[in-house]
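S.K.: query28.txt is the file, holding compact mmCIF, C-alpha atoms:
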# COMPACT_ATOMS: atom_id res chain seq x y z
CA GLY A 1 134.37 167.31 137.79
CA ILE A 2 137.13 169.91 137.60
CA SER A 3 136.17 173.57 137.68
CA ALA A 4 136.87 175.44 134.43
CA ASN A 5 138.59 178.11 136.54
CA ALA A 6 140.77 175.76 138.56
CA GLU A 7 144.43 176.66 138.98
CA PRO A 8 146.70 174.57 136.67
CA ARG A 9 148.42 172.90 139.65
CA VAL A 10 145.06 171.96 141.20
CA ALA A 11 143.64 170.76 137.86
CA ARG A 12 146.62 168.51 137.18
CA GLY A 13 146.50 167.18 140.73
CA CYS A 14 142.85 166.21 140.29
CA PHE A 15 143.27 164.73 136.83
CA SER A 16 146.59 162.85 136.89
CA PRO A 17 145.52 160.13 139.36
CA GLY A 18 142.75 159.21 136.94
CA GLY A 19 145.25 157.46 134.71
CA GLU A 20 146.23 154.95 137.39
CA PRO A 21 142.96 152.94 137.38
CA VAL A 22 143.14 152.75 133.57
CA GLY A 23 146.64 151.31 133.78
CA ASP A 24 145.49 148.83 136.40
CA GLN A 25 142.61 147.67 134.22
CA VAL A 26 144.87 147.26 131.18
CA GLY A 27 147.18 145.17 133.36
CA LEU A 28 144.29 142.93 134.39
CA VAL A 29 143.36 142.33 130.75
CA LEU A 30 146.97 141.50 129.82
CA ASP A 31 147.24 139.12 132.79
CA ALA A 32 144.02 137.38 131.72
CA TRP A 33 145.32 136.94 128.19
CA ALA A 34 148.62 135.61 129.50
CA ALA A 35 146.78 133.05 131.63
CA GLN A 36 145.02 131.81 128.49
CA GLY A 37 148.20 131.74 126.41
CA LEU A 38 147.05 134.66 124.23
CA ALA A 39 149.37 137.47 125.34
CA ASP A 40 152.22 136.65 122.93
CA ARG A 41 149.97 136.64 119.86
CA THR A 42 147.68 139.54 120.64
CA LEU A 43 148.21 143.07 119.32
CA VAL A 44 147.57 145.71 121.98
CA LEU A 45 147.19 149.33 120.93
CA LEU A 46 146.59 152.13 123.44
CA THR A 47 145.52 155.59 122.27
CA ALA A 48 142.82 158.23 122.81
CA SER A 49 140.54 160.45 120.76
CA HIS A 50 141.79 163.75 122.23
CA GLY A 51 143.77 165.37 125.01
CA ARG A 52 142.67 167.83 127.67
CA GLU A 53 143.53 171.34 128.78
CA LEU A 54 144.47 171.51 132.45
CA GLY A 55 144.83 175.24 133.00
CA GLU A 56 147.51 175.92 130.37
CA ARG A 57 145.37 178.72 128.89
CA GLY A 58 143.26 179.66 131.88
CA SER A 59 140.66 176.93 131.65
CA THR A 60 140.16 173.16 131.79
CA GLY A 61 138.37 170.76 129.51
CA ALA A 62 138.41 169.39 125.98
CA ALA A 63 137.06 170.26 122.53
CA THR A 64 137.73 173.98 122.94
CA SER A 65 140.88 174.47 120.83
CA LEU A 66 143.44 172.76 118.62
CA HIS A 67 146.40 173.58 120.84
CA VAL A 68 148.90 170.86 121.61
CA GLU A 69 147.49 169.90 125.02
CA GLN A 70 144.17 168.95 123.42
CA LEU A 71 145.65 167.13 120.43
CA ARG A 72 148.53 165.15 121.90
CA VAL A 73 147.53 161.61 122.93
CA PRO A 74 149.44 158.38 123.59
CA LEU A 75 149.99 155.86 120.79
CA ILE A 76 151.47 152.72 122.33
CA ALA A 77 151.69 149.35 120.55
CA ARG A 78 152.61 145.89 121.85
CA LEU A 79 152.96 142.74 119.76
CA PRO A 80 155.62 140.24 120.90
CA GLY A 81 157.68 138.96 117.99
CA ALA A 82 156.75 141.88 115.73
CA ILE A 83 157.38 145.03 117.81
CA ALA A 84 160.62 145.45 119.76
CA ALA A 85 159.86 146.43 123.36
CA GLY A 86 160.99 149.78 124.77
CA GLN A 87 161.49 151.71 121.53
CA VAL A 88 160.28 155.26 121.00
CA VAL A 89 159.75 156.51 117.46
CA ALA A 90 160.47 160.22 117.10
CA GLY A 91 158.16 162.13 114.82
CA PRO A 92 154.49 163.03 114.47
CA ALA A 93 151.76 160.40 114.44
CA SER A 94 148.03 160.51 113.82
CA ILE A 95 145.08 158.46 114.99
CA LEU A 96 144.48 157.87 111.26
CA ASP A 97 147.64 155.72 111.38
CA VAL A 98 145.89 153.16 113.59
CA LEU A 99 143.88 151.36 110.89
CA PRO A 100 146.67 150.79 108.31
CA SER A 101 149.12 149.86 111.07
CA VAL A 102 146.81 147.31 112.68
CA ALA A 103 146.01 145.84 109.27
CA SER A 104 149.70 145.42 108.48
CA TRP A 105 150.65 143.91 111.85
CA THR A 106 147.79 141.42 111.62
CA GLY A 107 148.42 140.43 108.00
CA ASN A 108 145.36 142.16 106.56
CA GLU A 109 144.84 144.76 103.88
CA SER A 110 143.77 148.24 104.93
CA LYS A 111 140.74 149.64 103.13
CA SER A 112 141.64 153.19 104.16
CA SER A 113 143.61 155.55 101.95
CA GLU A 114 144.37 157.79 104.91
CA GLY A 115 147.06 157.46 107.57
CA MET A 116 150.51 155.92 107.62
CA ASP A 117 151.46 152.27 108.12
CA SER A 118 153.58 152.50 111.28
CA SER A 119 154.87 148.95 110.86
CA ALA A 120 157.27 150.32 108.26
CA ILE A 121 159.08 152.46 110.84
CA VAL A 122 158.63 150.46 114.05
CA LEU A 123 161.48 148.00 114.63
CA ALA A 124 160.92 144.30 115.10
CA PRO A 125 162.96 142.43 117.75
CA GLY A 126 166.60 142.21 116.66
CA GLU A 127 166.37 144.92 113.99
CA THR A 128 168.99 147.66 114.12
CA ARG A 129 168.07 149.88 111.14
CA ASP A 130 167.28 153.56 111.59
CA ALA A 131 163.57 154.24 112.02
CA VAL A 132 162.98 157.26 109.78
CA VAL A 133 159.63 159.06 109.75
CA ALA A 134 159.03 160.67 106.36
CA PRO A 135 158.02 164.34 106.46
CA ARG A 136 154.29 164.91 106.13
CA THR A 137 151.61 167.44 106.98
CA LEU A 138 149.05 166.53 109.64
CA PHE A 139 145.64 168.15 109.94
CA ALA A 140 143.23 168.70 112.82
CA GLU A 141 139.70 170.00 113.00
CA LEU A 142 137.28 171.18 115.64
CA GLY A 143 133.60 171.92 115.19
CA LEU A 144 131.15 171.22 112.42
CA ALA A 145 132.09 169.40 109.25
CA GLU A 146 132.06 172.28 106.76
CA ARG A 147 134.68 171.71 104.07
CA SER A 148 134.60 174.96 102.10
CA TRP A 149 137.13 177.65 103.01
CA ASP A 150 134.53 180.26 102.03
CA GLU A 151 131.88 178.91 104.41
CA PRO A 152 131.96 179.31 108.22
CA PHE A 153 133.95 176.72 110.13
CA HIS A 154 135.05 176.46 113.75
CA ALA A 155 138.78 175.72 113.71
CA ARG A 156 141.29 173.92 111.50
CA ALA A 157 145.02 173.34 111.85
CA ALA A 158 147.92 172.14 109.71
CA TRP A 159 151.22 170.98 111.21
CA SER A 160 154.33 170.30 109.15
CA GLY A 161 157.85 169.95 110.49
CA ASP A 162 158.51 172.67 113.04
CA TRP A 163 155.53 174.82 112.10
CA LYS A 164 151.84 174.71 112.95
CA LEU A 165 149.10 176.96 111.58
CA MET A 166 145.74 177.29 113.32
CA VAL A 167 142.82 179.07 111.65
CA ARG A 168 139.69 179.85 113.65
CA ARG A 169 136.52 181.44 112.31
CA GLU A 170 135.61 184.45 114.43
CA GLU A 171 132.19 186.09 114.71
CA GLY A 172 131.58 188.21 111.65
CA GLY A 173 133.31 185.76 109.32
CA GLU A 174 136.92 186.80 109.88
CA ASN A 175 139.59 184.10 110.06
CA ARG A 176 142.00 184.41 112.98
CA ARG A 177 145.37 182.89 112.09
CA GLN A 178 147.95 181.70 114.60
CA LEU A 179 151.38 180.43 113.58
CA PHE A 180 153.64 178.58 116.02
CA ALA A 181 157.27 177.46 115.76
CA THR A 182 156.75 174.19 117.61
CA ALA A 183 160.43 173.28 118.00
CA ASP A 184 161.25 176.50 119.86
CA ASP A 185 157.78 176.98 121.31
CA PRO A 186 156.35 173.51 122.11
CA GLY A 187 153.67 175.00 124.34
CA GLU A 188 152.40 177.22 121.50
CA ARG A 189 152.61 180.50 123.40
CA THR A 190 153.97 182.90 120.77
CA ASN A 191 151.85 183.68 117.73
CA ARG A 192 154.16 184.50 114.80
CA SER A 193 151.49 185.07 112.16
CA ASP A 194 152.19 188.81 112.02
CA ASP A 195 155.94 188.31 111.46
CA ALA A 196 156.65 188.98 107.78
CA ALA A 197 159.72 186.75 107.99
CA HIS A 198 157.42 183.74 108.29
CA GLY A 199 154.98 184.76 105.56
CA ALA A 200 156.12 182.03 103.16
CA VAL A 201 155.71 179.18 105.62
CA MET A 202 152.29 180.47 106.69
CA ALA A 203 151.17 180.69 103.06
CA GLU A 204 152.40 177.15 102.42
CA LEU A 205 150.52 175.74 105.40
CA GLU A 206 147.37 177.67 104.53
CA SER A 207 147.52 176.33 100.98
CA ALA A 208 147.87 172.77 102.31
CA LEU A 209 144.95 173.33 104.70
CA ARG A 210 142.73 174.70 101.94
CA ALA A 211 143.56 171.72 99.71
CA HIS A 212 142.85 169.28 102.56
CA MET A 213 139.45 170.83 103.23
CA ALA A 214 138.56 170.80 99.53
CA ALA A 215 139.60 167.16 99.05
CA ALA A 216 137.98 165.73 102.17
CA PRO A 217 134.79 163.70 101.66
CA THR A 218 131.53 165.62 101.96
CA ARG A 219 129.68 164.74 105.14
CA THR A 220 125.90 164.54 105.25
CA ALA A 221 124.45 167.01 107.72
CA GLN A 222 122.76 165.35 110.68
CA PRO A 223 119.59 166.65 112.40
CA THR A 224 120.40 168.84 115.38
CA PRO A 225 119.75 166.86 118.60
CA ALA A 226 117.72 168.36 121.41
CA THR A 227 120.90 168.46 123.51
CA PRO A 228 123.92 168.97 121.21
CA ALA A 229 126.67 166.44 121.81
CA PRO A 230 130.23 167.75 122.34
CA THR A 231 132.53 167.71 119.32
CA HIS A 232 136.09 166.58 119.96
CA PRO A 233 139.22 167.58 118.02
CA HIS A 234 140.86 164.89 115.91
CA ALA A 235 144.31 164.92 114.39
CA HIS A 236 144.51 163.81 110.77
Just give me the structure of the file as structure tokens.

M.R.:
Amino acid sequence: GISANAEPRVARGCFSPGGEPVGDQVGLVLDAWAAQGLADRTLVLLTASHGRELGERGSTGAATSLHVEQLRVPLIARLPGAIAAGQVVAGPASILDVLPSVASWTGNESKSSEGMDSSAIVLAPGETRDAVVAPRTLFAELGLAERSWDEPFHARAAWSGDWKLMVRREEGGENRRQLFATADDPGERTNRSDDAAHGAVMAELESALRAHMAAAPTRTAQPTPATPAPTHPHAH
């Protein structure tokens, strides 16, 4: 494993080669499908549940924050005849988009009310229209599944446009707020929550986050295992 105190350069050097075997294995699967005549009618979707900190904030690992390095993951789709190769869609995406998108590309109906159907913005071969991503607010959570703003929770985040609000429950019940201007500060280094000039945008994001927590389905508490399993952040 990688030491939690490893220098960022060392951590990235240890971690980055790990992606090469994954790519090799994906290539083997695609080659096998091609040999069976399946490659041109098989939808391939590559994504991940969470990212990983590699020394950006003095540590390494996952499931410790909702900063960009732990939330950003790949979302790559391949379906010959339906998805034009080589295109990059600008704009935020969520792992909740996977289910409705797969359902649409495969001619099925999605049973989920969450997420966005990406087939509406991804170009098919020969299409030349502009791929426009409608503005929306994305949510992320880390920790236990409490849904009440008045009860303790680990961390929640709301991201809309060029702004991202993170709220983390500190010991003693206080909420620590961090506001980032993601267009000018993509690495989320400067907390602007104390700047009165941004009070309106912070209030708007907090209101959206409160509404999201209140509307989310109630989750049944599970018995605490003898060895607690790690909880990973998920973008919504």

S.K.: Name the residues, using the chain letters and numbers of the file, that sit within 12 Å of (145.7, 148.0, 130.3) when counting all atoms listed in the file, and give them as a ChimeraX atom specification.

M.R.: /A:19-33,44-47,76-78

S.K.: Could you dump the residues just selected with C-alpha atoms as an mmCIF file, keeping the file's coordinate frame?

M.R.:
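What follows is the written file part_12.cif:
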data_model
loop_
_atom_site.group_PDB
_atom_site.id
_atom_site.type_symbol
_atom_site.label_atom_id
_atom_site.label_comp_id
_atom_site.auth_asym_id
_atom_site.auth_seq_id
_atom_site.Cartn_x
_atom_site.Cartn_y
_atom_site.Cartn_z
ATOM 1 C CA GLY A 19 145.250 157.460 134.710
ATOM 2 C CA GLU A 20 146.230 154.950 137.390
ATOM 3 C CA PRO A 21 142.960 152.940 137.380
ATOM 4 C CA VAL A 22 143.140 152.750 133.570
ATOM 5 C CA GLY A 23 146.640 151.310 133.780
ATOM 6 C CA ASP A 24 145.490 148.830 136.400
ATOM 7 C CA GLN A 25 142.610 147.670 134.220
ATOM 8 C CA VAL A 26 144.870 147.260 131.180
ATOM 9 C CA GLY A 27 147.180 145.170 133.360
ATOM 10 C CA LEU A 28 144.290 142.930 134.390
ATOM 11 C CA VAL A 29 143.360 142.330 130.750
ATOM 12 C CA LEU A 30 146.970 141.500 129.820
ATOM 13 C CA ASP A 31 147.240 139.120 132.790
ATOM 14 C CA ALA A 32 144.020 137.380 131.720
ATOM 15 C CA TRP A 33 145.320 136.940 128.190
ATOM 16 C CA VAL A 44 147.570 145.710 121.980
ATOM 17 C CA LEU A 45 147.190 149.330 120.930
ATOM 18 C CA LEU A 46 146.590 152.130 123.440
ATOM 19 C CA THR A 47 145.520 155.590 122.270
ATOM 20 C CA ILE A 76 151.470 152.720 122.330
ATOM 21 C CA ALA A 77 151.690 149.350 120.550
ATOM 22 C CA ARG A 78 152.610 145.890 121.850
#

S.K.: Could you tell me how far CA of Leu123 in chain A sits from CA of Val88 in chain A, in Å to one decimal place?

M.R.: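 Between CA of Val88 in chain A and CA of Leu123 in chain A the gap works out to 9.7 Å.
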
S.K.: Within 7 Å of Asp97 in chain A, counting all atoms listed in the file, which residues show up once you throw out same-chain ones fewer than 3 positions away? Write them as a VMD selection string, please.

M.R.: chain A and resid 93 to 94 100 to 101 115 to 118

S.K.: Given the point (146.1, 174.4, 130.8) in the coordinates of this file, which residues lie within 7 Å, counting all atoms listed in the file, and how would they look as an NGL selection string?

M.R.: :A and (8 or 53-60)

S.K.: Do you know which residues are at most 12 Å from Glu114 in chain A counting all atoms listed in the file, after dropping those on the same chain fewer than 3 positions away, and could you put them as an MDAnalysis selection string?

M.R.: chainID A and resid 94:101 110:111 117 138:139 212 216:217 235:236

S.K.: Taking only C-alpha atoms into account, which of A:Leu142, A:Ala155, A:Ala90, A:Ala48 comes nearest Glu174 in chain A?

M.R.: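 Ranked by minimum distance to Glu174 in chain A, first place goes to A:Ala155.
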
S.K.: Enumerate, in order of chain and increasing residue number, the residues of range 86-185 of chain A with an atom no farther than 10 Å from range 68-72 of chain A, each with its shortest atom pair and distance in Å to one decimal, counting all atoms listed in the file, as a Markdown table.

M.R.:
| residue | atom | partner | partner_atom | distance |
| --- | --- | --- | --- | --- |
| A:Pro92 | CA | A:Arg72 | CA | 9.8 |
| A:Ala93 | CA | A:Arg72 | CA | 9.4 |
| A:Ser94 | CA | A:Arg72 | CA | 9.3 |
| A:Ala140 | CA | A:Leu71 | CA | 8.1 |
| A:Glu141 | CA | A:Leu71 | CA | 9.9 |
| A:Lys164 | CA | A:Val68 | CA | 9.9 |
| A:Thr182 | CA | A:Val68 | CA | 9.4 |

S.K.: One number please: CA of Ser207 in chain A to CA of Gly187 in chain A, in Å, one decimal.

M.R.: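 These atoms are spaced 24.2 Å apart.
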
S.K.: Between CA of Pro135 in chain A and CA of Pro74 in chain A, what distance in Å does the model show, to one decimal?

M.R.: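 Between CA of Pro135 in chain A and CA of Pro74 in chain A the gap is 20.1 Å.
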
S.K.: Rank A:Asp162, A:Asp130, A:Glu206, A:Asp40 by their smallest atom-to-atom distance to Phe180 in chain A, using all atoms listed in the file, and report the top residue only.

M.R.: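 Selected residue with least distance to Phe180 in chain A: A:Asp162.
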
S.K.: Looking at A:Arg189, A:Arg41, A:Arg210, A:Arg52, which one is nearest to Arg156 in chain A, with distances taken over only C-alpha atoms?

M.R.: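 The shortest atom-to-atom distance to Arg156 in chain A comes from A:Arg210.
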
S.K.: Between A:Gly143, A:Val167, A:Leu79, A:Ala85, single out the one closest to Ala63 in chain A, counting only C-alpha atoms.

M.R.: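 Looking at the shortest contact to Ala63 in chain A, the residue is A:Gly143.
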